[in-house]
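coords37.cif (mmCIF, C-alpha atoms) appears below.
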data_structure
#
loop_
_atom_site.label_atom_id
_atom_site.label_comp_id
_atom_site.auth_asym_id
_atom_site.auth_seq_id
_atom_site.Cartn_x
_atom_site.Cartn_y
_atom_site.Cartn_z
CA MET A 1 230.10 188.11 171.38
CA GLY A 2 231.17 189.19 174.90
CA GLY A 3 227.78 188.33 176.39
CA VAL A 4 226.07 191.31 174.76
CA ASN A 5 224.52 191.14 171.32
CA LYS A 6 223.33 194.58 170.22
CA SER A 7 221.17 193.12 167.44
CA MET A 8 218.88 191.46 169.98
CA LYS A 9 215.15 191.90 169.36
CA PHE A 10 213.28 193.48 172.27
CA LEU A 11 209.53 193.54 172.83
CA VAL A 12 208.35 196.27 175.20
CA VAL A 13 204.81 195.83 176.59
CA ASP A 14 203.14 198.69 178.45
CA ASP A 15 199.70 200.27 178.11
CA PHE A 16 201.15 203.79 178.38
CA SER A 17 202.81 205.01 175.20
CA THR A 18 204.94 207.48 177.19
CA MET A 19 206.47 204.64 179.17
CA ARG A 20 207.06 202.55 176.03
CA ARG A 21 208.79 205.56 174.49
CA ILE A 22 210.99 206.05 177.54
CA ILE A 23 212.01 202.38 177.61
CA LYS A 24 212.62 202.37 173.84
CA ASN A 25 214.84 205.44 174.12
CA LEU A 26 216.79 203.97 177.01
CA LEU A 27 217.30 200.73 175.05
CA HIS A 28 218.56 202.77 172.09
CA ASP A 29 221.01 204.53 174.41
CA LEU A 30 222.24 201.10 175.48
CA GLY A 31 222.81 200.22 171.83
CA TYR A 32 219.72 198.04 171.29
CA SER A 33 218.00 199.45 168.25
CA ASP A 34 215.63 196.59 167.42
CA VAL A 35 212.72 197.41 169.73
CA THR A 36 209.05 196.61 169.08
CA GLU A 37 206.12 197.82 171.17
CA ALA A 38 202.84 196.26 172.32
CA ASP A 39 200.18 197.77 174.55
CA ASP A 40 199.11 194.71 176.53
CA GLY A 41 199.52 190.95 176.86
CA THR A 42 196.76 190.16 174.40
CA THR A 43 198.57 191.94 171.56
CA ALA A 44 202.04 190.94 172.79
CA LEU A 45 201.54 187.17 172.91
CA PRO A 46 200.86 186.62 169.17
CA MET A 47 203.74 188.98 168.36
CA LEU A 48 206.04 186.88 170.55
CA GLN A 49 204.80 183.69 168.91
CA GLN A 50 205.60 185.04 165.45
CA GLY A 51 208.43 187.47 165.96
CA GLU A 52 211.41 185.55 167.30
CA PHE A 53 212.07 188.05 170.07
CA ASP A 54 215.15 187.73 172.29
CA PHE A 55 214.01 189.76 175.28
CA LEU A 56 210.65 190.72 176.79
CA ILE A 57 210.13 193.77 178.98
CA THR A 58 206.60 194.01 180.37
CA ASP A 59 204.45 196.09 182.67
CA TRP A 60 202.15 194.26 185.12
CA ASN A 61 198.98 196.29 185.32
CA MET A 62 197.41 196.60 181.87
CA PRO A 63 193.89 196.36 180.46
CA GLY A 64 193.30 193.13 178.57
CA MET A 65 195.92 190.54 179.45
CA GLN A 66 198.10 191.59 182.37
CA GLY A 67 201.87 191.22 182.54
CA LEU A 68 201.81 188.33 185.01
CA ASP A 69 199.44 186.36 182.76
CA LEU A 70 201.66 187.15 179.78
CA LEU A 71 204.67 185.85 181.73
CA LYS A 72 202.79 182.65 182.61
CA ALA A 73 201.67 182.21 178.98
CA VAL A 74 205.27 182.66 177.78
CA ARG A 75 206.62 180.14 180.28
CA ALA A 76 203.87 177.67 179.30
CA ASP A 77 204.70 177.92 175.58
CA ALA A 78 207.46 175.47 174.67
CA ARG A 79 208.85 177.75 171.92
CA LEU A 80 208.89 180.87 174.11
CA SER A 81 209.63 179.45 177.55
CA GLY A 82 213.35 180.29 177.38
CA ILE A 83 212.98 184.01 176.62
CA PRO A 84 214.28 186.38 179.33
CA VAL A 85 211.47 188.42 180.90
CA LEU A 86 211.97 191.65 182.82
CA MET A 87 208.96 192.98 184.73
CA LEU A 88 208.93 196.78 184.80
CA THR A 89 206.01 197.87 186.92
CA ALA A 90 204.56 200.11 189.62
CA GLU A 91 203.21 197.01 191.37
CA SER A 92 205.32 196.89 194.51
CA LYS A 93 203.58 194.57 196.94
CA ARG A 94 205.89 191.89 198.32
CA GLU A 95 203.47 189.09 197.49
CA GLN A 96 203.33 190.28 193.87
CA ILE A 97 207.10 190.25 193.51
CA VAL A 98 207.20 186.75 195.00
CA GLU A 99 204.38 185.69 192.64
CA ALA A 100 206.28 187.01 189.62
CA ALA A 101 209.44 185.21 190.77
CA GLN A 102 207.49 181.97 191.13
CA ALA A 103 206.05 182.45 187.64
CA GLY A 104 209.60 182.58 186.31
CA VAL A 105 210.46 186.27 185.91
CA ASN A 106 214.16 187.00 185.32
CA GLY A 107 214.19 190.53 186.71
CA TYR A 108 211.82 192.94 188.48
CA VAL A 109 212.16 196.73 188.33
CA ILE A 110 209.72 199.02 190.14
CA LYS A 111 208.58 202.34 188.71
CA PRO A 112 209.69 205.04 188.89
CA PHE A 113 213.08 203.68 187.84
CA THR A 114 216.38 205.05 186.59
CA ALA A 115 218.29 204.40 183.38
CA THR A 116 221.09 202.85 185.45
CA VAL A 117 218.76 200.34 187.13
CA LEU A 118 217.31 199.27 183.77
CA LYS A 119 220.77 198.81 182.24
CA ASP A 120 221.96 196.98 185.34
CA LYS A 121 219.07 194.49 185.28
CA ILE A 122 219.30 193.81 181.53
CA ASP A 123 223.07 193.30 181.79
CA LYS A 124 222.63 191.00 184.77
CA ILE A 125 220.03 188.86 183.00
CA LEU A 126 222.11 188.60 179.80
CA ASP A 127 225.24 187.91 181.79
CA ALA A 128 223.56 185.05 183.68
CA ARG A 129 222.29 183.71 180.34
CA SER A 130 225.68 183.74 178.64
CA LYS A 131 227.28 182.08 181.69
CA ALA A 132 224.58 179.42 181.70
CA GLY A 133 225.09 179.00 177.94
CA ALA A 134 228.88 178.68 178.32
CA ALA A 135 228.62 176.19 181.19
CA MET B 1 132.78 192.73 202.90
CA SER B 2 132.85 192.23 206.67
CA ASP B 3 135.15 189.77 208.45
CA ALA B 4 132.21 187.48 209.14
CA ASP B 5 131.32 187.48 205.41
CA THR B 6 134.93 186.72 204.42
CA LEU B 7 135.05 183.84 206.87
CA LYS B 8 131.72 182.52 205.62
CA SER B 9 132.67 182.73 201.95
CA ARG B 10 136.04 181.05 202.54
CA TYR B 11 135.07 178.32 205.04
CA GLY B 12 131.21 178.27 205.22
CA GLU B 13 130.64 175.57 202.61
CA LEU B 14 133.42 173.35 203.97
CA VAL B 15 132.21 173.66 207.59
CA LEU B 16 128.72 172.81 206.42
CA SER B 17 129.87 169.68 204.57
CA MET B 18 131.90 168.69 207.66
CA SER B 19 128.90 169.03 209.91
CA VAL B 20 126.70 167.10 207.44
CA ALA B 21 129.31 164.34 207.25
CA LEU B 22 129.61 164.34 211.06
CA GLU B 23 125.85 163.97 211.46
CA ALA B 24 125.76 161.18 208.89
CA GLY B 25 128.84 159.52 210.34
CA LYS B 26 130.63 159.67 206.98
CA ASP B 27 134.28 159.39 207.94
CA ASP B 28 135.68 159.88 204.40
CA ALA B 29 133.62 162.98 203.55
CA PHE B 30 134.44 164.50 206.95
CA GLY B 31 138.18 163.86 206.43
CA ALA B 32 138.12 165.30 202.87
CA ALA B 33 136.48 168.55 204.05
CA LEU B 34 138.93 168.83 206.94
CA ASP B 35 141.87 168.35 204.53
CA ARG B 36 140.60 171.13 202.29
CA ILE B 37 140.29 173.51 205.27
CA MET B 38 143.86 172.71 206.32
CA HIS B 39 145.08 173.22 202.77
CA LEU B 40 143.46 176.68 202.66
CA ARG B 41 145.18 177.63 205.97
CA GLU B 42 148.59 176.44 204.66
CA LYS B 43 148.24 178.46 201.48
CA SER B 44 147.82 181.71 203.43
CA VAL B 45 150.75 180.86 205.74
CA TYR B 46 153.00 180.28 202.69
CA ALA B 47 151.90 183.55 201.11
CA GLU B 48 152.79 185.37 204.32
CA LEU B 49 156.18 183.60 204.48
CA ARG B 50 156.92 184.58 200.90
CA ARG B 51 156.09 188.18 201.65
CA LEU B 52 158.36 188.17 204.75
CA THR B 53 161.22 186.56 202.79
CA THR B 54 161.03 189.20 200.06
CA HIS B 55 161.07 191.94 202.70
CA LEU B 56 164.04 190.37 204.47
CA HIS B 57 165.92 190.00 201.19
CA GLY B 58 165.29 193.66 200.33
CA ALA B 59 166.39 194.77 203.79
CA LEU B 60 169.59 192.70 203.58
CA GLU B 61 170.35 194.09 200.11
CA ARG B 62 169.86 197.65 201.35
CA PHE B 63 172.05 196.90 204.35
CA ARG B 64 174.79 195.54 202.07
CA LEU B 65 174.62 198.66 199.87
CA ASP B 66 174.45 200.93 202.93
CA SER B 67 177.58 199.42 204.46
CA ARG B 68 179.40 199.60 201.09
CA LEU B 69 178.40 203.28 200.83
CA VAL B 70 179.61 203.97 204.37
CA ASP B 71 182.89 202.26 203.48
CA ILE B 72 183.23 204.35 200.31
CA ALA B 73 182.40 207.58 202.13
CA GLU B 74 184.60 206.99 205.15
CA ARG B 75 187.63 205.30 203.67
CA GLU B 76 187.82 205.30 199.88
CA VAL B 77 186.78 208.85 199.08
CA PRO B 78 189.44 210.36 201.39
CA GLY B 79 191.87 207.80 199.89
CA ALA B 80 190.94 208.97 196.39
CA ARG B 81 191.57 212.57 197.40
CA HIS B 82 194.98 211.53 198.68
CA ARG B 83 195.71 209.70 195.42
CA LEU B 84 194.71 212.68 193.29
CA ASP B 85 196.87 214.88 195.48
CA HIS B 86 199.75 212.55 194.70
CA VAL B 87 198.96 212.98 190.97
CA LEU B 88 199.26 216.74 191.42
CA LYS B 89 202.62 216.35 193.14
CA LEU B 90 203.97 214.00 190.47
CA THR B 91 202.89 216.18 187.55
CA ASN B 92 204.10 219.32 189.31
CA GLY B 93 207.47 217.72 190.02
CA ALA B 94 207.86 216.50 186.43
CA ALA B 95 206.95 219.88 184.96
CA HIS B 96 209.47 221.66 187.17
CA ARG B 97 212.16 219.08 186.48
CA THR B 98 211.60 219.52 182.73
CA MET B 99 211.67 223.30 182.94
CA ASP B 100 214.82 223.25 185.09
CA LEU B 101 216.59 221.16 182.46
CA VAL B 102 215.39 223.38 179.62
CA GLU B 103 216.56 226.48 181.47
CA VAL B 104 220.00 224.94 181.99
CA SER B 105 220.21 223.71 178.39
CA CYS B 106 219.13 226.81 176.49
CA PRO B 107 222.16 228.95 177.49
CA ILE B 108 224.47 226.08 176.47
CA ALA B 109 222.89 225.95 172.99
CA GLU B 110 223.14 229.75 172.77
CA ARG B 111 226.79 229.64 173.80
CA ILE B 112 227.61 227.09 171.07
CA SER B 113 225.77 229.17 168.49
CA LYS B 114 227.49 232.43 169.57
CA SER B 115 230.99 230.90 169.55
CA ALA B 116 230.33 229.33 166.15
CA SER B 117 229.33 232.64 164.57
CA GLU B 118 232.30 234.45 166.14
CA LEU B 119 234.61 231.84 164.74
CA SER B 120 233.01 231.94 161.28
CA GLY B 121 233.44 235.73 161.36
CA MET B 122 237.13 235.36 162.15
CA TRP B 123 237.67 232.86 159.33
CA ALA B 124 235.75 235.05 156.87
CA GLN B 125 237.92 238.04 157.78
CA ALA B 126 241.07 235.97 157.40
CA ARG B 127 240.01 234.85 153.93
CA GLN B 128 239.40 238.47 152.92
CA ARG B 129 242.87 239.65 153.91
CA ASP B 130 244.33 236.37 152.65
CA ARG B 131 247.97 237.21 151.99
CA ASP B 132 248.33 239.68 154.86
CA ALA B 133 247.53 237.03 157.43
CA THR B 134 250.63 236.24 159.45
CA LEU B 135 251.58 232.84 160.75
CA THR B 136 250.88 234.14 164.29
CA ASP B 137 247.34 235.13 163.24
CA LEU B 138 246.75 231.71 161.78
CA ARG B 139 248.13 229.96 164.83
CA ALA B 140 245.79 232.03 167.09
CA MET B 141 242.85 231.11 164.92
CA LEU B 142 243.73 227.43 164.97
CA GLU B 143 243.87 227.59 168.74
CA ARG B 144 240.46 229.28 168.92
CA THR B 145 239.03 226.66 166.59
CA GLU B 146 240.43 223.82 168.67
CA GLU B 147 239.04 225.38 171.83
CA PHE B 148 235.66 225.73 170.16
CA LEU B 149 235.59 222.13 168.98
CA SER B 150 236.51 220.80 172.39
CA ALA B 151 233.98 223.04 174.18
CA THR B 152 231.30 222.04 171.67
CA ARG B 153 231.96 218.36 172.27
CA SER B 154 231.53 218.70 176.04
CA ASP B 155 228.55 221.06 175.66
CA SER B 156 226.82 218.59 173.32
CA ASP B 157 227.38 215.80 175.84
CA THR B 158 225.78 217.95 178.54
CA LEU B 159 222.85 218.72 176.23
CA ARG B 160 222.44 215.03 175.39
CA THR B 161 222.38 214.15 179.11
CA ASN B 162 219.88 216.91 179.86
CA LEU B 163 217.60 215.77 177.03
CA GLY B 164 217.77 212.22 178.37
CA GLN B 165 216.66 213.53 181.76
CA VAL B 166 213.84 215.51 180.16
CA LEU B 167 212.69 212.26 178.60
CA MET B 168 212.84 210.46 181.95
CA ALA B 169 210.87 213.27 183.61
CA GLN B 170 207.90 212.24 181.44
CA ASP B 171 207.51 208.94 183.29
CA PHE B 172 204.95 210.57 185.60
CA GLN B 173 202.28 210.16 182.95
CA ASP B 174 202.20 206.39 183.30
CA LEU B 175 201.88 206.57 187.11
CA THR B 176 199.34 209.38 187.20
CA GLY B 177 197.30 207.66 184.51
CA GLN B 178 197.02 204.54 186.64
CA ILE B 179 196.07 206.52 189.78
CA ILE B 180 193.41 208.44 187.89
CA ARG B 181 191.99 205.19 186.52
CA ASN B 182 191.76 203.88 190.11
CA VAL B 183 189.76 206.94 191.15
CA MET B 184 187.56 206.63 188.07
CA SER B 185 186.79 203.06 189.03
CA LEU B 186 185.78 204.21 192.53
CA VAL B 187 183.53 206.89 191.07
CA ALA B 188 181.93 204.30 188.78
CA GLU B 189 181.29 202.01 191.74
CA LEU B 190 179.81 204.85 193.77
CA GLU B 191 177.53 205.66 190.87
CA SER B 192 176.40 202.06 190.50
CA THR B 193 175.85 201.56 194.28
CA LEU B 194 173.77 204.71 194.53
CA GLY B 195 171.82 203.66 191.44
CA GLU B 196 171.15 200.26 193.03
CA LEU B 197 169.84 201.95 196.20
CA VAL B 198 167.52 204.12 194.17
CA ARG B 199 166.28 201.03 192.34
CA LEU B 200 165.64 199.19 195.64
CA ALA B 201 163.79 202.22 196.96
CA GLY B 202 161.42 201.28 194.21
CA ASP B 203 160.26 204.00 191.92
CA THR B 204 162.85 204.19 189.14
CA ASP B 205 165.25 201.92 187.32
CA PRO B 206 168.26 204.12 186.54
CA THR B 207 170.69 203.02 183.85
CA ARG B 208 173.85 201.96 185.61
CA ALA B 209 177.45 202.16 184.45
CA ALA B 210 179.26 198.86 184.91
CA PRO B 211 182.17 199.33 187.35
CA LEU B 212 185.56 199.45 185.63
CA ALA B 213 187.63 196.37 186.20
CA GLN B 214 190.30 197.24 188.74
CA ARG B 215 193.33 195.07 188.25
CA GLY B 216 196.58 195.05 190.14
CA HIS B 217 197.15 197.50 192.96
CA GLY B 218 198.70 200.28 190.88
CA PRO B 219 201.52 202.51 192.07
CA ALA B 220 202.12 202.70 195.82
CA VAL B 221 200.89 206.01 197.23
CA PRO B 222 202.82 207.45 200.17
CA GLY B 223 200.69 207.46 203.32
CA LEU B 224 198.21 204.95 201.87
CA ASP B 225 200.20 201.93 200.83
CA ASN B 226 202.64 200.92 203.49
CA GLY B 227 203.39 197.60 205.11
CA ALA B 228 203.62 194.93 202.43
CA VAL B 229 204.87 197.38 199.80
CA VAL B 230 208.54 197.74 198.89
CA SER B 231 209.58 201.34 198.40
CA GLU B 232 212.89 201.04 196.62
CA GLN B 233 214.56 198.98 193.94
CA LYS B 234 217.12 197.69 196.45
CA ASP B 235 214.26 196.19 198.53
CA VAL B 236 213.05 194.38 195.41
CA ASP B 237 216.60 193.16 194.73
CA SER B 238 217.08 191.83 198.23
CA LEU B 239 213.65 190.18 198.19
CA LEU B 240 214.48 188.49 194.88
CA SER B 241 217.98 187.47 195.89
CA GLY B 242 216.37 185.88 198.97
CA LEU B 243 214.36 183.81 196.48
CA GLY B 244 217.55 182.84 194.63
CA LEU B 245 217.07 185.22 191.67
#
Please go through the file and, once you have read it, give me the structure as structure tokens.
Amino acid sequence: MGGVNKSMKFLVVDDFSTMRRIIKNLLHDLGYSDVTEADDGTTALPMLQQGEFDFLITDWNMPGMQGLDLLKAVRADARLSGIPVLMLTAESKREQIVEAAQAGVNGYVIKPFTATVLKDKIDKILDARSKAGAA
Amino acid sequence: MSDADTLKSRYGELVLSMSVALEAGKDDAFGAALDRIMHLREKSVYAELRRLTTHLHGALERFRLDSRLVDIAEREVPGARHRLDHVLKLTNGAAHRTMDLVEVSCPIAERISKSASELSGMWAQARQRDRDATLTDLRAMLERTEEFLSATRSDSDTLRTNLGQVLMAQDFQDLTGQIIRNVMSLVAELESTLGELVRLAGDTDPTRAAPLAQRGHGPAVPGLDNGAVVSEQKDVDSLLSGLGL
């Protein structure tokens, strides 16, 4: 599999449809074509619980359930706790980044971001996963 | 009613019964009348205390609203102006970036189209004079076709890259949307604080908009959010690697 499985199922959570579209397009460019969208944590959580997703990309600041709460809910759910989570957000206070790390985030990208940074972080997370899986 | 009358109507009967009891040496009756007088005095002291407490509460509430208003006027309104200015800069930048890319891309698309029609023309001509076409002619046309295909491949790659950058230039909308929501929340709070002041002033009870929930800090705004904010992805990476991530 070479560490990268292009049939992975992504869930992209952001309250702005423009940003979801950008992320979806970038994922397509990277070869990931199975991408689903949700507009906040409240809609994302049941989708995660039913949809067998392989990767979660979420914003922090959203109406309804925020990204950090979604991350905590995912880590607290035995069936979801292993899913890689990448936080993609404009929230850039040091204490927030530390808080996300403590809640178990796998990667943190601040907006505005570049296509290269997104690819880099996804690759890094998947790479670490496949190494951990092989070990 | 004069003061003397008020005093008489409130205490006259009690004082009389006290003096009667005093004359008669009736300890119990004297004590009972005295108790009732003291009770009357206490009641008026409590009423006065209640009145003072209500006043104090109102004054404190107005003071709280006043200081919040001063804070909004002195700090948050200029901050909001700064944030909206940042929105202008972001949208302006994105619009220019998009237009730059479109201006670079259009001539490329035109060039592909022009070369393609020239080439089709050449092939159409060659088919017309079919048998007269020499091997040299054909070789020249093959070369032109090869050149065209190779140029088209690289031009399409450039167009694809430019379109990708046009897409990325739209990311401003997410950031500006969040900043505008922040300012809207401030405006809502200002509205509700002013409404509260009007209500305390007494005469009307204006309908108040509930302040929008402000969650997270939103995008960092240059000149406003410094200090504890990281400005670049590499700062995030080094912070996270410090935490073993």
Query raised in the report: Within 12 Å of chain A, which residues of chain B show up when using only C-alpha atoms, listed as a PyMOL selection string?
Result: chain B and resi 90+94+160-161+163-179+181-182+212-221+225-245
Requested in this report: Apply the PyMOL selection byres ((chain A and resi 53-55) around 7) to the file shown and report the selected residues as an MDAnalysis selection string.
Outcome: chainID A and resid 8:11 48 51:52 56:57 83:85
Query - Top pick for closest residue to A:Gly31, considering A:Lys72, A:Arg129, A:Lys119, A:Lys124 and counting all atoms listed in the file - result: A:Lys119
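Separating atom CA of B:Ala188 from atom CA of B:Ala59 is a distance of 23.6 Å.
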**Report entry** Expansion of the PyMOL selection byres ((chain A and resi 42) around 10) into residues, as a PyMOL selection string
**Finding:** chain A and resi 38-41+43-47+62-67+69-70
Query raised in the report: Leaving out B:Glu146 and any residue of its chain fewer than 6 positions from it, which residues lie within 12 Å of it when counting only C-alpha atoms, given as a PyMOL selection string?
Result: chain B and resi 115-116+119+139-140+152-153
Query raised in the report: Expressed in Å to a single decimal, how great is the separation between atom CA of B:Leu69 and atom CA of B:Thr53?
Result: 24.1 Å
Please write out, as AutoDock Vina command-line options, where the centre of an axis-aligned box around all listed atoms of stretch 36-50 of chain A lies and how long its edges are, in Å to one decimal, after adding 5 Å on each side.
--center_x 202.9 --center_y 190.8 --center_z 171.2 --size_x 22.3 --size_y 24.1 --size_z 21.4
Requested in this report: Step by step, work through what the PyMOL selection byres ((chain B and resi 80) around 10) selects in the shown file, and finish by giving those residues as a PyMOL selection string.
Outcome: chain B and resi 72+75-79+81-86+179-180+182-184+186-187+224
Report task. Enumerate, as a list in words, the protein, DNA and RNA residues whose atoms approach (208.9, 196.2, 172.6) to within 6 Å, taking into account only C-alpha atoms and the coordinate frame of the file. Result -> Phe10, Leu11, Val12, Val13, Val35, Thr36 and Glu37 of chain A
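Note that atom CA of B:Ala151 and atom CA of B:Trp123 are 18.2 Å apart.
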Report summary line: Between B:Ser17, B:Thr6, B:Thr158, B:Asn92, smallest distance to B:Pro107 by all atoms listed in the file belongs to B:Thr158
